[in-house]
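K.L.:
Structure: protein-v3.cif, mmCIF, C-alpha atoms and all ligand atoms.
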data_protein
#
loop_
_atom_site.label_atom_id
_atom_site.label_comp_id
_atom_site.auth_asym_id
_atom_site.auth_seq_id
_atom_site.Cartn_x
_atom_site.Cartn_y
_atom_site.Cartn_z
CA MET A 297 32.11 29.84 14.84
CA VAL A 298 29.53 32.37 13.67
CA ASP A 299 26.77 31.50 11.22
CA SER A 300 25.47 33.58 8.30
CA GLU A 301 23.14 35.48 10.62
CA GLY A 302 25.91 36.36 13.03
CA ARG A 303 24.88 33.82 15.70
CA GLY A 304 27.46 31.73 17.49
CA VAL A 305 27.23 28.00 16.67
CA GLN A 306 29.14 25.06 17.96
CA VAL A 307 31.04 23.22 15.20
CA LYS A 308 30.75 19.43 15.20
CA GLU A 309 32.72 17.02 13.08
CA ASN A 310 30.92 14.39 11.00
CA ILE A 311 27.34 14.96 12.05
CA LYS A 312 25.38 11.79 11.42
CA PHE A 313 21.65 11.19 11.71
CA THR A 314 20.12 7.88 12.63
CA PRO A 315 18.00 6.99 10.77
CA SER A 316 19.54 8.90 7.89
CA LEU A 317 17.98 12.25 7.04
CA SER A 318 16.88 10.86 3.71
CA GLU A 319 14.96 8.09 5.50
CA GLN A 320 13.51 10.58 7.96
CA ARG A 321 12.23 12.71 5.07
CA HIS A 322 10.59 9.69 3.49
CA LYS A 323 9.09 8.70 6.83
CA PHE A 324 7.68 12.21 7.17
CA VAL A 325 5.87 11.77 3.84
CA LEU A 326 4.70 8.27 4.77
CA ASP A 327 3.29 9.50 8.08
CA PHE A 328 1.49 12.27 6.22
CA VAL A 329 0.04 9.72 3.78
CA ARG A 330 -1.01 7.45 6.64
CA LYS A 331 -2.84 10.36 8.25
CA HIS A 332 -4.45 11.99 5.21
CA LYS A 333 -4.94 8.92 2.99
CA PRO A 334 -4.46 10.54 -0.44
CA GLN A 335 -5.46 8.48 -3.48
CA LYS A 336 -3.25 10.17 -6.07
CA VAL A 337 0.33 11.00 -5.14
CA ALA A 338 3.17 12.32 -7.30
CA ASP A 339 6.83 12.58 -6.31
CA LEU A 340 8.70 15.20 -8.33
CA GLY A 341 12.45 14.74 -8.62
CA CYS A 342 11.87 11.11 -7.65
CA ALA A 343 15.46 10.06 -8.55
CA ASN A 344 16.01 6.42 -7.47
CA CYS A 345 12.27 5.90 -6.86
CA LYS A 346 12.80 4.87 -3.23
CA LEU A 347 10.03 7.10 -1.92
CA LEU A 348 7.66 5.77 -4.58
CA TRP A 349 8.65 2.25 -3.62
CA ARG A 350 7.76 2.97 0.01
CA LEU A 351 4.53 4.69 -0.98
CA LYS A 352 3.29 1.77 -3.04
CA TYR A 353 2.57 -0.18 0.15
CA HIS A 354 -0.05 2.32 1.25
CA GLU A 355 -3.52 1.00 0.62
CA SER A 356 -5.11 4.44 0.16
CA ILE A 357 -3.00 5.20 -2.91
CA GLU A 358 -4.43 4.19 -6.28
CA VAL A 359 -2.30 6.36 -8.55
CA LEU A 360 1.40 6.99 -8.02
CA ALA A 361 3.49 9.10 -10.38
CA GLY A 362 7.17 9.90 -10.41
CA LEU A 363 8.86 12.63 -12.44
CA ASP A 364 12.52 13.33 -12.97
CA ILE A 365 14.58 15.25 -15.50
CA ASP A 366 17.18 12.48 -15.46
CA GLU A 367 15.79 9.73 -17.67
CA ASN A 368 18.66 7.37 -16.91
CA ILE A 369 18.00 7.31 -13.21
CA LEU A 370 14.38 6.39 -13.91
CA THR A 371 15.17 3.54 -16.30
CA ARG A 372 17.76 2.17 -13.89
CA ASN A 373 15.39 2.22 -10.93
CA ILE A 374 11.97 1.38 -12.32
CA TYR A 375 12.59 -2.26 -11.34
CA ARG A 376 11.91 -1.25 -7.72
CA LEU A 377 8.31 -0.64 -8.67
CA HIS A 378 7.67 -3.85 -10.60
CA THR A 379 5.16 -6.36 -9.30
CA GLY A 380 6.38 -9.52 -7.59
CA ALA A 381 4.86 -12.93 -6.83
CA GLY A 382 3.60 -11.62 -3.47
CA ASP A 383 1.50 -8.97 -5.21
CA TYR A 384 -0.38 -11.75 -7.00
CA LEU A 385 -0.59 -14.10 -4.01
CA ASP A 386 -1.97 -11.40 -1.75
CA PRO A 387 -3.41 -8.68 -4.03
CA ARG A 388 -4.11 -5.19 -2.81
CA GLU A 389 -7.66 -4.23 -1.90
CA ARG A 390 -7.57 -1.25 -4.25
CA PRO A 391 -6.05 -0.85 -7.70
CA LEU A 392 -2.67 0.79 -8.06
CA THR A 393 -1.04 2.20 -11.18
CA ILE A 394 2.48 3.61 -11.00
CA THR A 395 3.83 5.70 -13.86
CA LEU A 396 7.27 7.20 -14.24
CA TYR A 397 7.60 10.31 -16.38
CA HIS A 398 10.65 11.92 -17.84
CA GLY A 399 10.39 15.71 -17.93
CA SER A 400 10.96 18.91 -16.03
CA VAL A 401 9.02 20.06 -13.03
CA VAL A 402 8.62 23.47 -14.69
CA GLU A 403 6.80 22.01 -17.70
CA LYS A 404 3.01 21.88 -17.54
CA ASP A 405 1.61 18.49 -18.36
CA PRO A 406 -2.00 17.43 -17.76
CA CYS A 407 -0.91 14.01 -16.46
CA LEU A 408 -0.18 15.56 -13.06
CA LEU A 409 -3.54 17.26 -12.69
CA GLY A 410 -5.97 16.28 -9.97
CA PHE A 411 -3.48 14.91 -7.45
CA ASP A 412 -4.14 14.85 -3.72
CA LEU A 413 -0.47 15.14 -2.79
CA ILE A 414 2.66 16.27 -4.63
CA THR A 415 6.02 15.85 -2.90
CA CYS A 416 9.19 17.73 -3.84
CA ILE A 417 11.81 16.25 -1.54
CA GLU A 418 15.19 18.00 -1.83
CA LEU A 419 14.28 19.18 -5.32
CA ILE A 420 13.99 22.97 -5.44
CA GLU A 421 17.66 23.61 -4.61
CA HIS A 422 18.53 21.79 -7.87
CA LEU A 423 16.61 24.35 -9.97
CA GLU A 424 18.24 27.21 -11.86
CA ALA A 425 16.98 30.70 -10.99
CA LYS A 426 14.69 30.78 -14.05
CA GLU A 427 13.24 27.36 -13.26
CA LEU A 428 12.72 28.34 -9.65
CA SER A 429 10.75 31.39 -10.74
CA GLN A 430 8.46 29.20 -12.90
CA PHE A 431 8.05 26.50 -10.27
CA PRO A 432 5.21 28.01 -8.15
CA GLU A 433 3.04 28.73 -11.19
CA VAL A 434 3.40 25.14 -12.45
CA ILE A 435 3.03 23.36 -9.10
CA PHE A 436 0.49 25.51 -7.27
CA GLY A 437 -1.12 27.33 -10.19
CA PHE A 438 -1.38 24.55 -12.79
CA PHE A 439 -1.06 21.13 -11.11
CA SER A 440 -2.85 22.65 -8.13
CA PRO A 441 -2.90 19.53 -5.92
CA THR A 442 -4.72 19.47 -2.58
CA THR A 443 -1.45 19.27 -0.64
CA VAL A 444 2.23 19.83 -1.39
CA ILE A 445 5.26 18.88 0.70
CA ILE A 446 8.51 20.69 -0.11
CA SER A 447 11.76 19.97 1.69
CA THR A 448 15.09 21.73 1.19
CA PRO A 449 18.35 22.15 3.15
CA ASN A 450 18.47 24.76 5.89
CA SER A 451 21.72 26.66 5.20
CA GLU A 452 21.91 27.81 8.82
CA PHE A 453 22.79 24.26 9.78
CA ASN A 454 25.71 24.05 7.33
CA PRO A 455 28.42 25.49 9.60
CA LEU A 456 27.92 22.42 11.82
CA PHE A 457 29.25 20.19 9.05
CA SER A 458 32.99 19.68 8.88
CA GLY A 459 33.37 19.96 5.07
CA LYS A 460 34.36 23.23 3.43
CA THR A 461 32.10 23.07 0.32
CA LEU A 462 29.70 25.93 -0.25
CA PHE A 463 26.68 23.64 -0.64
CA ARG A 464 25.81 20.15 0.57
CA HIS A 465 25.70 18.75 -2.97
CA PRO A 466 27.60 19.84 -6.11
CA ASP A 467 24.35 20.12 -8.11
CA HIS A 468 22.70 22.50 -5.64
CA LYS A 469 22.13 25.94 -7.16
CA PHE A 470 21.38 27.56 -3.79
CA GLU A 471 20.66 26.70 -0.19
CA TRP A 472 18.31 28.90 1.82
CA ASN A 473 18.18 29.87 5.43
CA ARG A 474 14.83 29.63 7.19
CA THR A 475 13.80 33.22 6.48
CA GLN A 476 14.51 32.85 2.76
CA PHE A 477 12.59 29.57 2.44
CA GLN A 478 9.68 30.74 4.52
CA SER A 479 9.22 34.04 2.72
CA TRP A 480 9.39 32.27 -0.69
CA ALA A 481 6.87 29.66 0.50
CA LEU A 482 4.51 32.19 2.07
CA ASP A 483 4.53 34.29 -1.13
CA ALA A 484 3.70 31.26 -3.27
CA ALA A 485 1.00 30.11 -0.84
CA ARG A 486 -0.63 33.54 -0.73
CA HIS A 487 -0.54 33.93 -4.49
CA TYR A 488 -2.05 30.52 -5.31
CA GLY A 489 -4.53 30.14 -2.45
CA TYR A 490 -2.68 27.76 -0.14
CA SER A 491 -1.80 27.89 3.52
CA VAL A 492 1.61 26.65 4.60
CA GLU A 493 3.09 25.33 7.81
CA PHE A 494 6.79 24.89 8.49
CA THR A 495 8.61 22.14 10.25
CA GLY A 496 11.87 20.25 9.85
CA LEU A 497 13.95 17.16 10.44
CA GLY A 498 17.43 16.55 11.82
CA GLU A 499 17.81 18.11 15.26
CA PRO A 500 20.92 20.26 15.77
CA PRO A 501 23.30 19.05 18.49
CA PRO A 502 22.98 20.43 22.04
CA GLY A 503 24.21 23.99 22.23
CA ALA A 504 23.47 24.71 18.55
CA GLU A 505 19.66 24.75 18.75
CA ALA A 506 19.51 28.26 17.27
CA VAL A 507 20.38 27.00 13.77
CA GLY A 508 17.16 25.00 13.49
CA PHE A 509 16.60 21.68 11.73
CA CYS A 510 19.03 20.38 9.13
CA THR A 511 16.19 19.91 6.62
CA GLN A 512 13.42 22.48 6.43
CA ILE A 513 9.96 21.49 5.29
CA GLY A 514 6.90 23.38 4.12
CA VAL A 515 3.52 21.62 4.08
CA PHE A 516 1.06 23.43 1.81
CA VAL A 517 -2.69 22.84 1.92
CA LYS A 518 -5.02 24.26 -0.69
CA ASN A 519 -7.60 26.61 0.78
CA ILE A 520 -10.41 25.75 -1.64
CA PRO A 521 -10.55 22.22 -3.05
CA ASN A 522 -10.38 21.74 -6.83
CA ALA A 523 -13.46 22.49 -8.86
CA VAL A 524 -13.96 19.66 -11.36
CA GLU A 525 -14.52 22.06 -14.29
CA SER A 526 -11.17 23.79 -13.83
CA LEU A 527 -9.44 20.39 -14.15
CA HIS A 528 -11.22 19.66 -17.41
CA ASN A 529 -10.40 23.08 -18.89
CA GLU A 530 -6.70 22.59 -18.29
CA LYS A 531 -6.71 19.23 -20.07
CA THR A 532 -6.56 21.02 -23.39
CA ILE A 533 -2.84 21.60 -22.71
CA GLU A 534 -0.57 19.21 -24.59
CA CYS A 535 1.46 16.47 -22.93
CA THR A 536 5.14 17.24 -22.65
CA TYR A 537 6.45 14.41 -20.47
CA THR A 538 7.46 11.07 -21.91
CA THR A 539 6.39 7.93 -20.11
CA VAL A 540 9.31 5.80 -18.97
CA GLY A 541 7.11 2.98 -17.73
CA THR A 542 3.78 2.07 -16.20
CA VAL A 543 3.20 -0.71 -13.68
CA ILE A 544 -0.31 -1.95 -12.95
CA TYR A 545 -0.80 -3.89 -9.73
CA PRO A 546 -3.28 -6.73 -9.33
CA SER A 547 -6.12 -5.87 -6.96
CA LEU A 548 -9.20 -7.43 -5.47
CA LYS A 549 -11.26 -5.02 -7.56
CA GLU A 550 -10.54 -7.37 -10.47
CA GLU A 551 -12.79 -10.42 -10.31
CA LYS A 552 -10.11 -12.95 -11.28
CA TYR A 553 -7.94 -11.93 -8.29
CA LEU A 554 -10.91 -11.69 -5.94
CA ARG A 555 -12.02 -15.18 -7.01
CA LYS A 556 -8.56 -16.55 -6.34
CA ALA A 557 -8.27 -14.84 -2.93
CA VAL A 558 -11.69 -16.13 -1.85
CA SER A 559 -10.92 -19.66 -3.06
CA ASN A 560 -7.60 -19.68 -1.20
CA GLU A 561 -9.29 -18.60 2.01
CA VAL A 562 -12.17 -21.04 1.57
CA PHE A 563 -9.79 -23.94 0.90
CA SER A 564 -7.70 -23.01 3.89
CA GLN A 565 -10.78 -23.04 6.17
CA ILE A 566 -12.03 -26.29 4.61
CA LEU A 567 -8.65 -27.86 5.28
CA LYS A 568 -8.80 -26.83 8.95
CA LEU A 569 -12.36 -28.11 9.30
CA LYS A 570 -11.46 -31.35 7.60
CA ARG A 571 -8.55 -31.89 9.98
CA ALA A 572 -10.85 -31.24 12.90
CA LEU A 573 -13.34 -33.72 11.45
CA LEU A 574 -10.71 -36.42 11.12
CA GLU A 575 -9.57 -35.80 14.69
CA SER A 576 -13.13 -35.97 15.91
CA LEU A 577 -13.80 -39.19 13.98
CA LYS A 578 -10.66 -40.76 15.35
CA MET A 579 -11.61 -39.92 18.91
CA LYS A 580 -15.14 -41.16 18.36
CA LYS A 581 -13.85 -44.36 16.84
CA ASP A 582 -11.59 -44.95 19.84
CA ARG A 583 -14.48 -44.27 22.21
CA ASP A 584 -17.06 -46.36 20.39
CA SER A 585 -14.54 -49.10 19.67
CA GLY A 586 -15.84 -49.80 16.22
CA ASP A 587 -19.56 -48.98 16.63
CA GLU A 588 -21.18 -47.85 13.42
CA LEU A 589 -21.31 -44.10 12.91
CA GLU A 590 -23.70 -42.57 10.41
CA PHE A 591 -23.70 -38.89 11.22
CA VAL A 592 -20.94 -36.92 12.83
CA LYS A 593 -21.42 -33.42 14.14
CA LEU A 594 -18.31 -31.40 14.57
CA GLU A 595 -17.39 -29.55 17.70
CA CYS A 596 -14.23 -28.01 16.41
CA ASP A 597 -14.68 -24.34 17.32
CA LYS A 598 -15.32 -23.92 20.95
CA SER A 599 -13.84 -20.54 21.73
CA LYS A 600 -16.25 -18.02 23.29
CA ASN A 601 -15.79 -15.29 20.67
CA ASP A 602 -15.93 -17.66 17.77
CA PRO A 603 -17.67 -15.75 14.92
CA THR A 604 -18.82 -19.06 13.40
CA GLU A 605 -20.57 -20.26 16.56
CA GLU A 606 -24.10 -19.20 15.62
CA THR A 607 -23.89 -20.67 12.12
CA PRO A 608 -24.81 -24.19 10.95
CA LYS A 609 -22.09 -26.71 11.81
CA PRO A 610 -20.27 -28.84 9.27
CA PHE A 611 -21.40 -32.45 9.21
CA CYS A 612 -20.56 -35.73 7.61
CA ILE A 613 -22.87 -38.14 5.86
CA GLY A 614 -21.12 -41.29 4.80
CA ASN A 615 -17.82 -40.29 3.32
CA VAL A 616 -18.98 -36.84 2.30
CA PHE A 617 -18.17 -33.87 4.47
CA TYR A 618 -20.63 -30.96 4.20
CA ILE A 619 -19.51 -27.45 5.09
CA PRO A 620 -22.40 -24.97 5.07
CA LEU A 621 -21.68 -21.83 3.07
CA GLU A 622 -23.11 -19.82 5.94
CA ARG A 623 -20.36 -21.27 8.11
CA LEU A 624 -17.66 -20.34 5.61
CA PHE A 625 -19.13 -16.87 5.20
CA SER A 626 -18.91 -16.24 8.93
CA PHE A 627 -15.10 -16.32 8.81
CA PRO A 628 -14.16 -12.59 8.96
CA LYS A 629 -11.76 -12.62 6.02
CA ILE A 630 -14.23 -14.42 3.74
CA LYS A 631 -17.03 -12.08 4.81
CA HIS A 632 -14.80 -9.07 4.16
CA LEU A 633 -13.81 -10.30 0.71
CA CYS A 634 -17.28 -11.33 -0.45
CA GLY A 635 -19.65 -8.91 1.26
CA ASP A 636 -22.62 -11.30 1.01
CA LEU A 637 -23.41 -14.99 0.83
CA GLU A 638 -24.55 -14.95 -2.79
CA THR A 639 -21.24 -13.42 -3.89
CA LEU A 640 -19.36 -16.12 -1.98
CA LYS A 641 -21.39 -18.77 -3.77
CA MET A 642 -20.84 -17.15 -7.15
CA LEU A 643 -17.09 -16.77 -6.61
CA ILE A 644 -16.42 -20.36 -5.53
CA ALA A 645 -19.01 -22.12 -7.69
CA ASP A 646 -16.42 -23.26 -10.26
CA GLU A 647 -13.85 -24.30 -7.68
CA VAL A 648 -15.84 -26.53 -5.31
CA ARG A 649 -18.66 -29.06 -5.45
CA LEU A 650 -21.87 -27.71 -3.95
CA SER A 651 -24.70 -29.76 -2.47
CA SER A 652 -27.84 -30.04 -4.61
CA ASP A 653 -29.55 -27.18 -2.74
CA GLY A 654 -26.40 -25.07 -3.06
CA SER A 655 -26.14 -24.50 0.69
CA SER A 656 -22.94 -26.46 1.45
CA VAL A 657 -19.57 -27.31 0.01
CA MET A 658 -19.16 -31.09 -0.31
CA ILE A 659 -15.84 -32.80 0.25
CA ASN A 660 -15.35 -36.48 -0.44
CA ILE A 661 -12.98 -37.56 2.27
CA VAL A 662 -11.96 -41.09 1.31
CA ASP A 663 -9.84 -39.93 -1.60
CA GLU A 664 -7.86 -37.49 0.47
CA GLU A 665 -4.26 -38.60 0.82
CA ASP A 666 -3.91 -37.35 4.35
CA CYS A 667 -6.98 -39.20 5.55
CA ASP A 668 -5.42 -41.40 8.19
CA LEU A 669 -8.45 -43.58 8.83
CA SER A 670 -8.34 -46.87 6.99
CA ASP A 671 -10.75 -47.64 4.14
CA ASN A 672 -12.47 -50.22 6.31
CA ASP A 673 -13.38 -47.62 8.85
CA TRP A 674 -15.04 -45.53 6.18
CA ASP A 675 -16.80 -48.52 4.59
CA ASP A 676 -18.89 -48.72 7.72
CA TYR A 677 -20.21 -45.17 7.37
CA SER A 678 -23.16 -45.28 5.06
CA GLY A 679 -25.08 -42.18 3.98
CA GLU A 680 -27.55 -41.18 1.32
CA GLU A 681 -25.23 -38.80 -0.56
CA ARG A 682 -22.24 -41.04 -0.16
CA ASN A 683 -21.91 -42.02 -3.78
CA GLY A 684 -23.52 -38.86 -5.03
CA GLY A 685 -20.73 -37.01 -6.72
CA GLY A 686 -17.22 -38.40 -6.32
CA SER A 687 -14.39 -36.14 -5.23
CA HIS A 688 -13.47 -34.49 -8.51
CA GLY A 689 -13.41 -30.72 -8.42
CA THR A 690 -12.71 -30.63 -4.69
CA CYS A 691 -9.07 -30.13 -4.19
CA LEU A 692 -7.58 -29.15 -0.88
N1 LIG B 701 13.74 13.33 -4.09
C1 LIG B 701 14.84 12.45 -4.02
C2 LIG B 701 16.14 12.96 -4.59
C3 LIG B 701 16.33 14.41 -4.80
S1 LIG B 701 17.78 14.80 -5.73
C4 LIG B 701 15.04 11.95 -2.61
O1 LIG B 701 14.22 12.22 -1.76
O2 LIG B 701 15.99 11.25 -2.35
C5 LIG B 701 17.01 15.86 -6.91
C6 LIG B 701 16.40 15.16 -8.08
O3 LIG B 701 15.68 16.13 -8.82
C7 LIG B 701 17.41 14.55 -9.03
O4 LIG B 701 17.06 13.22 -9.31
C8 LIG B 701 17.31 15.42 -10.27
O5 LIG B 701 17.54 14.71 -11.47
C9 LIG B 701 15.91 15.93 -10.19
N2 LIG B 701 15.68 17.20 -10.90
C10 LIG B 701 16.51 18.26 -10.99
N3 LIG B 701 15.95 19.23 -11.71
C11 LIG B 701 14.74 18.78 -12.10
C12 LIG B 701 13.69 19.31 -12.87
N4 LIG B 701 13.76 20.52 -13.41
N5 LIG B 701 12.59 18.56 -13.08
C13 LIG B 701 12.49 17.34 -12.55
N6 LIG B 701 13.45 16.78 -11.81
C14 LIG B 701 14.56 17.49 -11.58
#
Would you put the structure from the file into structure tokens?
Ligand code: SAH

P.N.:
Amino acid sequence: MVDSEGRGVQVKENIKFTPSLSEQRHKFVLDFVRKHKPQKVADLGCANCKLLWRLKYHESIEVLAGLDIDENILTRNIYRLHTGAGDYLDPRERPLTITLYHGSVVEKDPCLLGFDLITCIELIEHLEAKELSQFPEVIFGFFSPTTVIISTPNSEFNPLFSGKTLFRHPDHKFEWNRTQFQSWALDAARHYGYSVEFTGLGEPPPGAEAVGFCTQIGVFVKNIPNAVESLHNEKTIECTYTTVGTVIYPSLKEEKYLRKAVSNEVFSQILKLKRALLESLKMKKDRDSGDELEFVKLECDKSKNDPTEETPKPFCIGNVFYIPLERLFSFPKIKHLCGDLETLKMLIADEVRLSSDGSSVMINIVDEEDCDLSDNDWDDYSGEERNGGGSHGTCL
């Protein structure tokens, strides 16, 4: 068989890509995001919102927007972007707001200004000739994001498919060969101050390498980054899109979620330390065969690279277990969440009982259900703070 350029190509029945081409295109975008860490990303022609759904897991992204001309597809698929229990149990480090807009990619709307990345995955071939002619001015001229990824079918690959349809999808208005796409992209890039590089996905089968990738991709990078003033000037333009929905994710930037995350981590470490204490007491009791014990030092963390090693050790006076805040702060996750000791103290102050000098968390052990030492054992351990504060407020 001969392709549109007169080159001989080998015809293959039922060409299949694994993973699917659609997944490969999304992975291409995700890899790009992983590498360049954009904060604001918009997917135009977002359809079933699957790419947005994948993008929402990227920590760098704080604003995600999706736009489609088909309102129905957006309302049917927005559920993919809703928050779930896991988002509250383990909140993101940074805030994330996702908004879906109904509108056309050739309408100028200020809500898509100032983005770091705009993706148009298999979109342009759905545009009528008039829309296609307006597209570069809106995307590169008006929205003017730092980077743009555009993918579209490579028509040179089509003869390798077994079907007889003109285009790969009934809604496609055209499909370009590589020369057509590249000259369109280079023109747009030159005109609006971008540089563009071409690549693709979906290798042709052996013997048909000349047709190129099944999907062709242009990656555009703005030559001069946005001046802040130009963004503000453009904001005088009226909004044309309608908002289908907005989803706001919980993040550790909000104090209530940070407080909860720190408390969870602190309680989890306290629980581990308490278990180690009980073990240590049990062993000591066996060794001393009933001798009175007034002060127990813990030796629960003995590993060489233990980050807590240099910090004050937890101790027990009577039936009260003291865990120095310094010790808790030395656990990497707690340190990461709080930043400094004072913040740790402030964040857990309402959740735990602190010693009178504020340096340790106090846990009354006798009331703990899983304390497997008998009351008599504990009656023997006297200590000055033993009856100091009860166990209320300390819940493991
Ligand atoms: N990007 C998606 C699907 C692309 S299909 C993916 O990667 O799977 C093309 C999508 O573009 C369709 O959902 C269609 O409704 C939308 N579309 C077509 N013309 C449009 C326009 N002028 N403005 C915005 N979206 C458009």

K.L.:
Enumerate as a PDB file with C-alpha atoms, keeping the file's coordinate frame the residues within 8 Å of ligand LIG 701 (chain B), counting all atoms listed in the file.

P.N.:
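Generated file (result_16.pdb):
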ATOM      1  CA  SER A 318      16.880  10.860   3.710  1.00  0.00           C
ATOM      2  CA  ARG A 321      12.230  12.710   5.070  1.00  0.00           C
ATOM      3  CA  HIS A 322      10.590   9.690   3.490  1.00  0.00           C
ATOM      4  CA  ASP A 339       6.830  12.580  -6.310  1.00  0.00           C
ATOM      5  CA  LEU A 340       8.700  15.200  -8.330  1.00  0.00           C
ATOM      6  CA  GLY A 341      12.450  14.740  -8.620  1.00  0.00           C
ATOM      7  CA  CYS A 342      11.870  11.110  -7.650  1.00  0.00           C
ATOM      8  CA  ALA A 343      15.460  10.060  -8.550  1.00  0.00           C
ATOM      9  CA  ASN A 344      16.010   6.420  -7.470  1.00  0.00           C
ATOM     10  CA  CYS A 345      12.270   5.900  -6.860  1.00  0.00           C
ATOM     11  CA  LYS A 346      12.800   4.870  -3.230  1.00  0.00           C
ATOM     12  CA  LEU A 347      10.030   7.100  -1.920  1.00  0.00           C
ATOM     13  CA  LEU A 363       8.860  12.630 -12.440  1.00  0.00           C
ATOM     14  CA  ASP A 364      12.520  13.330 -12.970  1.00  0.00           C
ATOM     15  CA  ILE A 365      14.580  15.250 -15.500  1.00  0.00           C
ATOM     16  CA  ASP A 366      17.180  12.480 -15.460  1.00  0.00           C
ATOM     17  CA  ILE A 369      18.000   7.310 -13.210  1.00  0.00           C
ATOM     18  CA  HIS A 398      10.650  11.920 -17.840  1.00  0.00           C
ATOM     19  CA  GLY A 399      10.390  15.710 -17.930  1.00  0.00           C
ATOM     20  CA  SER A 400      10.960  18.910 -16.030  1.00  0.00           C
ATOM     21  CA  VAL A 401       9.020  20.060 -13.030  1.00  0.00           C
ATOM     22  CA  VAL A 402       8.620  23.470 -14.690  1.00  0.00           C
ATOM     23  CA  CYS A 416       9.190  17.730  -3.840  1.00  0.00           C
ATOM     24  CA  ILE A 417      11.810  16.250  -1.540  1.00  0.00           C
ATOM     25  CA  GLU A 418      15.190  18.000  -1.830  1.00  0.00           C
ATOM     26  CA  LEU A 419      14.280  19.180  -5.320  1.00  0.00           C
ATOM     27  CA  ILE A 420      13.990  22.970  -5.440  1.00  0.00           C
ATOM     28  CA  HIS A 422      18.530  21.790  -7.870  1.00  0.00           C
ATOM     29  CA  LEU A 423      16.610  24.350  -9.970  1.00  0.00           C
ATOM     30  CA  GLU A 427      13.240  27.360 -13.260  1.00  0.00           C
TER      31      GLU A 427
END

K.L.:
Just the residues within 8 Å of Val492 of chain A, please, counting only C-alpha atoms, with nothing from its chain fewer than 4 positions along; format it as a VMD selection string.

P.N.:
chain A and resid 481 to 482 485 514 to 517

K.L.:
Would you compute the distance between atom CA of Phe438 of chain A and atom CA of Ala425 of chain A? Give it in Å to one decimal.

P.N.:
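So the two atoms, atom CA of Phe438 of chain A and atom CA of Ala425 of chain A, lie 19.4 Å apart.
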
K.L.:
When you look at segment 360-362 of chain A with a cut-off of 10 Å (counting only C-alpha atoms), what residues show up, excluding the ones that are within fewer than 4 positions of it in the same chain? I need them as a compact mmCIF listing (two decimals) with C-alpha atoms, in the frame of the given file.

P.N.:
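Once written, around.txt looks like this:
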# COMPACT_ATOMS: atom_id res chain seq x y z
CA GLN A 335 -5.46 8.48 -3.48
CA LYS A 336 -3.25 10.17 -6.07
CA VAL A 337 0.33 11.00 -5.14
CA ALA A 338 3.17 12.32 -7.30
CA ASP A 339 6.83 12.58 -6.31
CA LEU A 340 8.70 15.20 -8.33
CA GLY A 341 12.45 14.74 -8.62
CA CYS A 342 11.87 11.11 -7.65
CA ALA A 343 15.46 10.06 -8.55
CA ASN A 344 16.01 6.42 -7.47
CA CYS A 345 12.27 5.90 -6.86
CA LEU A 347 10.03 7.10 -1.92
CA LEU A 348 7.66 5.77 -4.58
CA TRP A 349 8.65 2.25 -3.62
CA LEU A 351 4.53 4.69 -0.98
CA LYS A 352 3.29 1.77 -3.04
CA LEU A 370 14.38 6.39 -13.91
CA ILE A 374 11.97 1.38 -12.32
CA LEU A 392 -2.67 0.79 -8.06
CA THR A 393 -1.04 2.20 -11.18
CA ILE A 394 2.48 3.61 -11.00
CA THR A 395 3.83 5.70 -13.86
CA LEU A 396 7.27 7.20 -14.24
CA TYR A 397 7.60 10.31 -16.38
CA HIS A 398 10.65 11.92 -17.84
CA CYS A 407 -0.91 14.01 -16.46
CA LEU A 408 -0.18 15.56 -13.06
CA PHE A 411 -3.48 14.91 -7.45
CA LEU A 413 -0.47 15.14 -2.79
CA ILE A 414 2.66 16.27 -4.63
CA THR A 415 6.02 15.85 -2.90
CA THR A 539 6.39 7.93 -20.11
CA VAL A 540 9.31 5.80 -18.97
CA THR A 542 3.78 2.07 -16.20
CA VAL A 543 3.20 -0.71 -13.68

K.L.:
Figure out the distance between atom CA of Ile661 of chain A and atom CA of Glu638 of chain A, please, to one decimal in Å.

P.N.:
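Distance between the two atoms: 25.9 Å.
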
K.L.:
So, with only C-alpha atoms as the atoms that count, which of A:Phe436, A:Asn660, A:Gln512, A:Leu633 lies closest to Gln320 of chain A?

P.N.:
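Nearest candidate to Gln320 of chain A out of A:Phe436, A:Asn660, A:Gln512, A:Leu633: A:Gln512.
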
K.L.:
With a distance cut-off of 9 Å and all atoms listed in the file, select the neighbouring residues of Cys510 of chain A, excluding the residue or stretch itself and same-chain residues fewer than 4 positions from it, and output the selection as JSON, numbers by chain.

P.N.:
{"A": [317, 448, 449, 450, 451, 452, 453, 454, 496, 497, 498, 499, 500]}
